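Below is model_17.cif, which holds mmCIF, N, CA and C atoms.
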data_final
loop_
_atom_site.label_atom_id
_atom_site.label_comp_id
_atom_site.auth_asym_id
_atom_site.auth_seq_id
_atom_site.Cartn_x
_atom_site.Cartn_y
_atom_site.Cartn_z
N MET U 1 92.49 92.14 85.99
CA MET U 1 93.53 91.12 86.11
C MET U 1 94.75 91.76 86.75
N ALA U 2 95.21 91.17 87.82
CA ALA U 2 96.43 91.61 88.49
C ALA U 2 97.63 90.96 87.82
N GLU U 3 98.72 91.70 87.77
CA GLU U 3 99.91 91.20 87.07
C GLU U 3 101.17 91.70 87.77
N ARG U 4 102.20 90.86 87.76
CA ARG U 4 103.52 91.25 88.27
C ARG U 4 104.56 90.81 87.26
N ARG U 5 105.47 91.72 86.93
CA ARG U 5 106.61 91.39 86.07
C ARG U 5 107.83 91.33 86.98
N VAL U 6 108.57 90.23 86.87
CA VAL U 6 109.69 90.01 87.78
C VAL U 6 110.79 89.24 87.05
N ASN U 7 112.02 89.52 87.42
CA ASN U 7 113.16 88.78 86.87
C ASN U 7 113.43 87.57 87.75
N VAL U 8 113.71 86.44 87.12
CA VAL U 8 113.97 85.19 87.84
C VAL U 8 115.27 85.33 88.65
N GLY U 9 115.18 85.15 89.96
CA GLY U 9 116.32 85.32 90.85
C GLY U 9 117.18 84.08 91.04
N TRP U 10 116.68 82.92 90.64
CA TRP U 10 117.48 81.71 90.74
C TRP U 10 118.47 81.68 89.59
N ALA U 11 119.74 81.51 89.87
CA ALA U 11 120.77 81.53 88.83
C ALA U 11 120.50 80.48 87.75
N GLU U 12 120.00 79.31 88.16
CA GLU U 12 119.73 78.23 87.21
C GLU U 12 118.38 78.39 86.52
N GLY U 13 117.65 79.45 86.82
CA GLY U 13 116.34 79.67 86.23
C GLY U 13 115.27 78.80 86.88
N LEU U 14 114.14 78.70 86.22
CA LEU U 14 113.04 77.88 86.75
C LEU U 14 113.17 76.45 86.25
N HIS U 15 114.18 75.76 86.75
CA HIS U 15 114.45 74.38 86.39
C HIS U 15 114.49 73.54 87.65
N ALA U 16 114.06 72.31 87.55
CA ALA U 16 114.11 71.30 88.61
C ALA U 16 113.71 71.85 89.98
N ARG U 17 114.66 72.03 90.88
CA ARG U 17 114.34 72.42 92.25
C ARG U 17 113.64 73.77 92.35
N PRO U 18 114.13 74.84 91.71
CA PRO U 18 113.41 76.11 91.79
C PRO U 18 111.98 76.02 91.23
N ALA U 19 111.80 75.28 90.17
CA ALA U 19 110.45 75.13 89.61
C ALA U 19 109.55 74.42 90.61
N SER U 20 110.08 73.41 91.28
CA SER U 20 109.31 72.69 92.29
C SER U 20 108.91 73.61 93.44
N ILE U 21 109.84 74.43 93.89
CA ILE U 21 109.56 75.40 94.96
C ILE U 21 108.46 76.35 94.51
N PHE U 22 108.60 76.87 93.28
CA PHE U 22 107.62 77.82 92.76
C PHE U 22 106.24 77.19 92.62
N VAL U 23 106.16 75.99 92.06
CA VAL U 23 104.87 75.33 91.85
C VAL U 23 104.18 75.06 93.20
N ARG U 24 104.93 74.59 94.19
CA ARG U 24 104.34 74.37 95.52
C ARG U 24 103.80 75.68 96.09
N ALA U 25 104.57 76.75 95.92
CA ALA U 25 104.15 78.06 96.43
C ALA U 25 102.91 78.57 95.70
N ALA U 26 102.88 78.41 94.38
CA ALA U 26 101.72 78.85 93.60
C ALA U 26 100.47 78.08 94.01
N THR U 27 100.61 76.80 94.22
CA THR U 27 99.49 75.97 94.66
C THR U 27 99.01 76.39 96.05
N ALA U 28 99.95 76.68 96.93
CA ALA U 28 99.64 77.04 98.31
C ALA U 28 98.87 78.36 98.42
N THR U 29 98.98 79.23 97.43
CA THR U 29 98.27 80.51 97.52
C THR U 29 96.76 80.32 97.45
N GLY U 30 96.31 79.23 96.82
CA GLY U 30 94.88 79.00 96.67
C GLY U 30 94.24 79.87 95.60
N VAL U 31 95.06 80.58 94.83
CA VAL U 31 94.59 81.47 93.77
C VAL U 31 95.09 80.93 92.44
N PRO U 32 94.22 80.83 91.42
CA PRO U 32 94.69 80.39 90.10
C PRO U 32 95.63 81.44 89.51
N VAL U 33 96.88 81.08 89.32
CA VAL U 33 97.90 81.99 88.82
C VAL U 33 98.46 81.44 87.52
N THR U 34 98.77 82.35 86.60
CA THR U 34 99.46 81.94 85.38
C THR U 34 100.86 82.56 85.39
N ILE U 35 101.75 81.94 84.64
CA ILE U 35 103.12 82.42 84.49
C ILE U 35 103.46 82.37 83.00
N ALA U 36 104.21 83.37 82.55
CA ALA U 36 104.59 83.40 81.14
C ALA U 36 105.90 84.16 80.98
N LYS U 37 106.62 83.84 79.91
CA LYS U 37 107.72 84.70 79.50
C LYS U 37 107.06 85.94 78.90
N THR U 38 107.78 87.04 78.85
CA THR U 38 107.18 88.28 78.34
C THR U 38 106.68 88.13 76.90
N ASP U 39 107.27 87.26 76.13
CA ASP U 39 106.87 87.08 74.73
C ASP U 39 106.10 85.79 74.49
N GLY U 40 105.65 85.14 75.57
CA GLY U 40 105.02 83.84 75.42
C GLY U 40 103.60 83.79 75.94
N SER U 41 102.99 82.64 75.77
CA SER U 41 101.63 82.40 76.24
C SER U 41 101.66 81.99 77.71
N PRO U 42 100.68 82.45 78.49
CA PRO U 42 100.63 82.07 79.91
C PRO U 42 100.27 80.60 80.09
N VAL U 43 100.86 80.02 81.14
CA VAL U 43 100.57 78.63 81.52
C VAL U 43 100.20 78.59 83.00
N ASN U 44 99.62 77.49 83.40
CA ASN U 44 99.21 77.29 84.80
C ASN U 44 100.45 77.23 85.70
N ALA U 45 100.54 78.15 86.65
CA ALA U 45 101.69 78.21 87.55
C ALA U 45 101.72 77.05 88.54
N ALA U 46 100.63 76.31 88.67
CA ALA U 46 100.59 75.17 89.58
C ALA U 46 100.93 73.86 88.87
N SER U 47 101.34 73.93 87.63
CA SER U 47 101.70 72.74 86.86
C SER U 47 103.21 72.66 86.69
N MET U 48 103.81 71.64 87.26
CA MET U 48 105.27 71.47 87.16
C MET U 48 105.71 71.36 85.70
N LEU U 49 105.01 70.56 84.92
CA LEU U 49 105.40 70.38 83.52
C LEU U 49 105.29 71.69 82.74
N ALA U 50 104.24 72.47 83.00
CA ALA U 50 104.06 73.74 82.31
C ALA U 50 105.17 74.72 82.67
N VAL U 51 105.50 74.80 83.96
CA VAL U 51 106.54 75.73 84.42
C VAL U 51 107.91 75.32 83.85
N LEU U 52 108.22 74.04 83.88
CA LEU U 52 109.47 73.57 83.30
C LEU U 52 109.51 73.85 81.80
N GLY U 53 108.36 73.71 81.14
CA GLY U 53 108.27 73.94 79.71
C GLY U 53 108.55 75.37 79.28
N LEU U 54 108.42 76.31 80.22
CA LEU U 54 108.73 77.70 79.89
C LEU U 54 110.21 77.88 79.56
N GLY U 55 111.06 77.14 80.26
CA GLY U 55 112.50 77.29 80.05
C GLY U 55 113.01 78.64 80.50
N ALA U 56 112.41 79.22 81.52
CA ALA U 56 112.82 80.54 82.01
C ALA U 56 114.21 80.48 82.63
N GLN U 57 115.09 81.34 82.17
CA GLN U 57 116.48 81.38 82.63
C GLN U 57 116.64 82.40 83.76
N GLY U 58 117.71 82.25 84.52
CA GLY U 58 118.03 83.21 85.57
C GLY U 58 118.17 84.60 84.97
N GLY U 59 117.54 85.60 85.61
CA GLY U 59 117.60 86.97 85.15
C GLY U 59 116.56 87.33 84.10
N GLU U 60 115.90 86.33 83.53
CA GLU U 60 114.88 86.57 82.51
C GLU U 60 113.59 87.08 83.15
N GLU U 61 112.92 88.01 82.47
CA GLU U 61 111.66 88.54 82.98
C GLU U 61 110.51 87.57 82.70
N ILE U 62 109.69 87.37 83.72
CA ILE U 62 108.47 86.58 83.58
C ILE U 62 107.29 87.42 84.03
N VAL U 63 106.11 86.99 83.64
CA VAL U 63 104.88 87.69 84.00
C VAL U 63 104.00 86.74 84.80
N LEU U 64 103.64 87.14 86.01
CA LEU U 64 102.70 86.40 86.84
C LEU U 64 101.37 87.13 86.78
N ALA U 65 100.28 86.40 86.64
CA ALA U 65 98.97 87.04 86.55
C ALA U 65 97.91 86.19 87.24
N ALA U 66 96.89 86.88 87.76
CA ALA U 66 95.76 86.20 88.39
C ALA U 66 94.56 87.14 88.37
N ASP U 67 93.39 86.55 88.37
CA ASP U 67 92.15 87.31 88.35
C ASP U 67 91.15 86.63 89.29
N ALA U 68 91.42 86.75 90.57
CA ALA U 68 90.55 86.14 91.57
C ALA U 68 90.71 86.90 92.88
N GLU U 69 89.83 86.65 93.80
CA GLU U 69 89.95 87.27 95.11
C GLU U 69 91.27 86.83 95.74
N GLY U 70 92.02 87.79 96.26
CA GLY U 70 93.31 87.49 96.87
C GLY U 70 94.46 87.51 95.89
N ALA U 71 94.19 87.89 94.63
CA ALA U 71 95.22 87.86 93.59
C ALA U 71 96.39 88.79 93.91
N GLU U 72 96.12 89.99 94.36
CA GLU U 72 97.19 90.95 94.62
C GLU U 72 98.20 90.41 95.64
N ALA U 73 97.70 89.91 96.75
CA ALA U 73 98.58 89.39 97.80
C ALA U 73 99.33 88.15 97.32
N ALA U 74 98.63 87.27 96.60
CA ALA U 74 99.27 86.05 96.10
C ALA U 74 100.39 86.39 95.13
N LEU U 75 100.14 87.33 94.22
CA LEU U 75 101.16 87.70 93.25
C LEU U 75 102.34 88.40 93.92
N ASP U 76 102.07 89.22 94.93
CA ASP U 76 103.17 89.86 95.67
C ASP U 76 104.08 88.81 96.29
N ARG U 77 103.48 87.80 96.90
CA ARG U 77 104.26 86.75 97.56
C ARG U 77 105.06 85.93 96.54
N LEU U 78 104.43 85.57 95.44
CA LEU U 78 105.12 84.78 94.42
C LEU U 78 106.22 85.60 93.73
N ALA U 79 105.95 86.87 93.49
CA ALA U 79 106.96 87.72 92.86
C ALA U 79 108.19 87.84 93.74
N LYS U 80 107.98 87.97 95.04
CA LYS U 80 109.11 88.05 95.99
C LYS U 80 109.90 86.74 95.96
N LEU U 81 109.21 85.63 95.96
CA LEU U 81 109.86 84.32 95.92
C LEU U 81 110.74 84.19 94.68
N VAL U 82 110.19 84.54 93.52
CA VAL U 82 110.91 84.41 92.26
C VAL U 82 112.07 85.39 92.17
N ALA U 83 111.81 86.65 92.49
CA ALA U 83 112.84 87.69 92.36
C ALA U 83 114.04 87.45 93.26
N GLU U 84 113.78 86.95 94.45
CA GLU U 84 114.85 86.75 95.42
C GLU U 84 115.42 85.33 95.40
N GLY U 85 114.82 84.45 94.60
CA GLY U 85 115.30 83.07 94.53
C GLY U 85 115.23 82.38 95.87
N LEU U 86 114.13 82.60 96.58
CA LEU U 86 113.97 82.06 97.93
C LEU U 86 113.74 80.55 97.90
N GLU U 87 113.92 79.93 99.05
CA GLU U 87 113.74 78.48 99.17
C GLU U 87 112.32 78.07 99.55
N GLU U 88 111.49 79.04 99.96
CA GLU U 88 110.12 78.74 100.30
C GLU U 88 109.29 80.01 100.21
N LEU U 89 107.99 79.87 100.19
CA LEU U 89 107.07 80.99 100.10
C LEU U 89 107.15 81.81 101.37
N PRO U 90 107.38 83.13 101.28
CA PRO U 90 107.44 83.96 102.47
C PRO U 90 106.07 84.05 103.14
N GLU U 91 106.07 84.11 104.46
CA GLU U 91 104.81 84.21 105.21
C GLU U 91 104.17 85.58 104.98
N THR U 92 104.99 86.62 104.91
CA THR U 92 104.48 87.96 104.66
C THR U 92 105.37 88.64 103.64
N VAL U 93 104.83 89.66 103.02
CA VAL U 93 105.60 90.40 102.01
C VAL U 93 106.29 91.56 102.67
#

Output the structure of this file as structure tokens.
Amino acid sequence: MAERRVNVGWAEGLHARPASIFVRAATATGVPVTIAKTDGSPVNAASMLAVLGLGAQGGEEIVLAADAEGAEAALDRLAKLVAEGLEELPETV
């Protein structure tokens, strides 16, 4: 299982617009990814309700994980998106 630990770069955390950006990016990778707070249970990163339900705040550490072909590259891209609070999924890492 591949895993990335990253601090949320969006000041408002994973709420509303940032969560929407993240969920679209997670879905676009084509890899089943989970997201969790360091002390919580993992949820489907492609589910808007699940991601909002985490209540992840800006600066808080989250854990991204995947266990499929292409997981390493997908997690690198998503980790960059989250850490830098980007507006869209980067084409390359």

(message) DSSP on the backbone, helix (DSSP H, G or I) only: what residues of chain U does that give? Format it as a PyMOL selection string.
(response) chain U and resi 16-28+48-54+71-84

Take the residues just selected and output them with N, CA and C atoms as a tab-separated table (two decimals), in the coordinates of the input.
chain	number	residue	atom	x	y	z
U	16	ALA	N	114.06	72.31	87.55
U	16	ALA	CA	114.11	71.30	88.61
U	16	ALA	C	113.71	71.85	89.98
U	17	ARG	N	114.66	72.03	90.88
U	17	ARG	CA	114.34	72.42	92.25
U	17	ARG	C	113.64	73.77	92.35
U	18	PRO	N	114.13	74.84	91.71
U	18	PRO	CA	113.41	76.11	91.79
U	18	PRO	C	111.98	76.02	91.23
U	19	ALA	N	111.80	75.28	90.17
U	19	ALA	CA	110.45	75.13	89.61
U	19	ALA	C	109.55	74.42	90.61
U	20	SER	N	110.08	73.41	91.28
U	20	SER	CA	109.31	72.69	92.29
U	20	SER	C	108.91	73.61	93.44
U	21	ILE	N	109.84	74.43	93.89
U	21	ILE	CA	109.56	75.40	94.96
U	21	ILE	C	108.46	76.35	94.51
U	22	PHE	N	108.60	76.87	93.28
U	22	PHE	CA	107.62	77.82	92.76
U	22	PHE	C	106.24	77.19	92.62
U	23	VAL	N	106.16	75.99	92.06
U	23	VAL	CA	104.87	75.33	91.85
U	23	VAL	C	104.18	75.06	93.20
U	24	ARG	N	104.93	74.59	94.19
U	24	ARG	CA	104.34	74.37	95.52
U	24	ARG	C	103.80	75.68	96.09
U	25	ALA	N	104.57	76.75	95.92
U	25	ALA	CA	104.15	78.06	96.43
U	25	ALA	C	102.91	78.57	95.70
U	26	ALA	N	102.88	78.41	94.38
U	26	ALA	CA	101.72	78.85	93.60
U	26	ALA	C	100.47	78.08	94.01
U	27	THR	N	100.61	76.80	94.22
U	27	THR	CA	99.49	75.97	94.66
U	27	THR	C	99.01	76.39	96.05
U	28	ALA	N	99.95	76.68	96.93
U	28	ALA	CA	99.64	77.04	98.31
U	28	ALA	C	98.87	78.36	98.42
U	48	MET	N	103.81	71.64	87.26
U	48	MET	CA	105.27	71.47	87.16
U	48	MET	C	105.71	71.36	85.70
U	49	LEU	N	105.01	70.56	84.92
U	49	LEU	CA	105.40	70.38	83.52
U	49	LEU	C	105.29	71.69	82.74
U	50	ALA	N	104.24	72.47	83.00
U	50	ALA	CA	104.06	73.74	82.31
U	50	ALA	C	105.17	74.72	82.67
U	51	VAL	N	105.50	74.80	83.96
U	51	VAL	CA	106.54	75.73	84.42
U	51	VAL	C	107.91	75.32	83.85
U	52	LEU	N	108.22	74.04	83.88
U	52	LEU	CA	109.47	73.57	83.30
U	52	LEU	C	109.51	73.85	81.80
U	53	GLY	N	108.36	73.71	81.14
U	53	GLY	CA	108.27	73.94	79.71
U	53	GLY	C	108.55	75.37	79.28
U	54	LEU	N	108.42	76.31	80.22
U	54	LEU	CA	108.73	77.70	79.89
U	54	LEU	C	110.21	77.88	79.56
U	71	ALA	N	94.19	87.89	94.63
U	71	ALA	CA	95.22	87.86	93.59
U	71	ALA	C	96.39	88.79	93.91
U	72	GLU	N	96.12	89.99	94.36
U	72	GLU	CA	97.19	90.95	94.62
U	72	GLU	C	98.20	90.41	95.64
U	73	ALA	N	97.70	89.91	96.75
U	73	ALA	CA	98.58	89.39	97.80
U	73	ALA	C	99.33	88.15	97.32
U	74	ALA	N	98.63	87.27	96.60
U	74	ALA	CA	99.27	86.05	96.10
U	74	ALA	C	100.39	86.39	95.13
U	75	LEU	N	100.14	87.33	94.22
U	75	LEU	CA	101.16	87.70	93.25
U	75	LEU	C	102.34	88.40	93.92
U	76	ASP	N	102.07	89.22	94.93
U	76	ASP	CA	103.17	89.86	95.67
U	76	ASP	C	104.08	88.81	96.29
U	77	ARG	N	103.48	87.80	96.90
U	77	ARG	CA	104.26	86.75	97.56
U	77	ARG	C	105.06	85.93	96.54
U	78	LEU	N	104.43	85.57	95.44
U	78	LEU	CA	105.12	84.78	94.42
U	78	LEU	C	106.22	85.60	93.73
U	79	ALA	N	105.95	86.87	93.49
U	79	ALA	CA	106.96	87.72	92.86
U	79	ALA	C	108.19	87.84	93.74
U	80	LYS	N	107.98	87.97	95.04
U	80	LYS	CA	109.11	88.05	95.99
U	80	LYS	C	109.90	86.74	95.96
U	81	LEU	N	109.21	85.63	95.96
U	81	LEU	CA	109.86	84.32	95.92
U	81	LEU	C	110.74	84.19	94.68
U	82	VAL	N	110.19	84.54	93.52
U	82	VAL	CA	110.91	84.41	92.26
U	82	VAL	C	112.07	85.39	92.17
U	83	ALA	N	111.81	86.65	92.49
U	83	ALA	CA	112.84	87.69	92.36
U	83	ALA	C	114.04	87.45	93.26
U	84	GLU	N	113.78	86.95	94.45
U	84	GLU	CA	114.85	86.75	95.42
U	84	GLU	C	115.42	85.33	95.40

(request) Could you tell me which residues the PyMOL selection byres ((chain U and resi 45) around 6.5) returns for this structure, as a PyMOL selection string? (result) chain U and resi 22-23+26-27+33-35+43-44+46-48+51

(request) Output the residue selection produced by the PyMOL selection byres ((chain U and resi 86) around 8) on the file above, formatted as a ChimeraX atom specification. (result) /U:9-10,18,21-22,80-85,87-90

Output N, CA and C atoms for every residue in the selection just made, as a compact mmCIF listing (two decimals), in the coordinates of the input.
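Result file is part_31.txt:
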# COMPACT_ATOMS: atom_id res chain seq x y z
N GLY U 9 115.18 85.15 89.96
CA GLY U 9 116.32 85.32 90.85
C GLY U 9 117.18 84.08 91.04
N TRP U 10 116.68 82.92 90.64
CA TRP U 10 117.48 81.71 90.74
C TRP U 10 118.47 81.68 89.59
N PRO U 18 114.13 74.84 91.71
CA PRO U 18 113.41 76.11 91.79
C PRO U 18 111.98 76.02 91.23
N ILE U 21 109.84 74.43 93.89
CA ILE U 21 109.56 75.40 94.96
C ILE U 21 108.46 76.35 94.51
N PHE U 22 108.60 76.87 93.28
CA PHE U 22 107.62 77.82 92.76
C PHE U 22 106.24 77.19 92.62
N LYS U 80 107.98 87.97 95.04
CA LYS U 80 109.11 88.05 95.99
C LYS U 80 109.90 86.74 95.96
N LEU U 81 109.21 85.63 95.96
CA LEU U 81 109.86 84.32 95.92
C LEU U 81 110.74 84.19 94.68
N VAL U 82 110.19 84.54 93.52
CA VAL U 82 110.91 84.41 92.26
C VAL U 82 112.07 85.39 92.17
N ALA U 83 111.81 86.65 92.49
CA ALA U 83 112.84 87.69 92.36
C ALA U 83 114.04 87.45 93.26
N GLU U 84 113.78 86.95 94.45
CA GLU U 84 114.85 86.75 95.42
C GLU U 84 115.42 85.33 95.40
N GLY U 85 114.82 84.45 94.60
CA GLY U 85 115.30 83.07 94.53
C GLY U 85 115.23 82.38 95.87
N GLU U 87 113.92 79.93 99.05
CA GLU U 87 113.74 78.48 99.17
C GLU U 87 112.32 78.07 99.55
N GLU U 88 111.49 79.04 99.96
CA GLU U 88 110.12 78.74 100.30
C GLU U 88 109.29 80.01 100.21
N LEU U 89 107.99 79.87 100.19
CA LEU U 89 107.07 80.99 100.10
C LEU U 89 107.15 81.81 101.37
N PRO U 90 107.38 83.13 101.28
CA PRO U 90 107.44 83.96 102.47
C PRO U 90 106.07 84.05 103.14

(request) Select from segment 19-82 of chain U everything DSSP, run on the backbone, classes as strand (DSSP E or B), then give the selection as a list in words. (result) Val33, Thr34, Ile35, Ala36, Lys37, Val43, Asn44, Glu61, Ile62, Val63, Leu64, Ala65 and Ala66 of chain U

(message) Running the PyMOL selection byres (((chain U and resi 67 and name CA) around 12) and name CA) on this model by hand, what would come out? Give it as an MDAnalysis selection string.
(response) chainID U and resid 1:3 31:34 64:66 68:75

(message) I want to know what sits within 12 Å of Thr38 of chain U, based on only C-alpha atoms, with residues of the same chain fewer than 6 positions away left out; could you give that as a list in words?
(response)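 Once the nearby chain positions are removed, what remains is Glu3, Arg4, Arg5, Val6, Asn7, Leu54, Ala56, Glu60, Glu61, Ile62, Val63, Leu64 and Ala65 of chain U.
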
(request) Enter the distance from atom C of Ala11 of chain U to atom CA of Gly55 of chain U, in Å, rounded to one decimal. (result)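 Result for atom C of Ala11 of chain U versus atom CA of Gly55 of chain U: 11.6 Å, one decimal.
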
(message) Please compute the atom CA of Gly13 of chain U-atom CA of Thr29 of chain U distance, one decimal, in Å.
(response) 21.3 Å

(message) Between atom N of Leu14 of chain U and atom N of Ser41 of chain U, what distance in Å does the model show, to one decimal?
(response) 15.8 Å
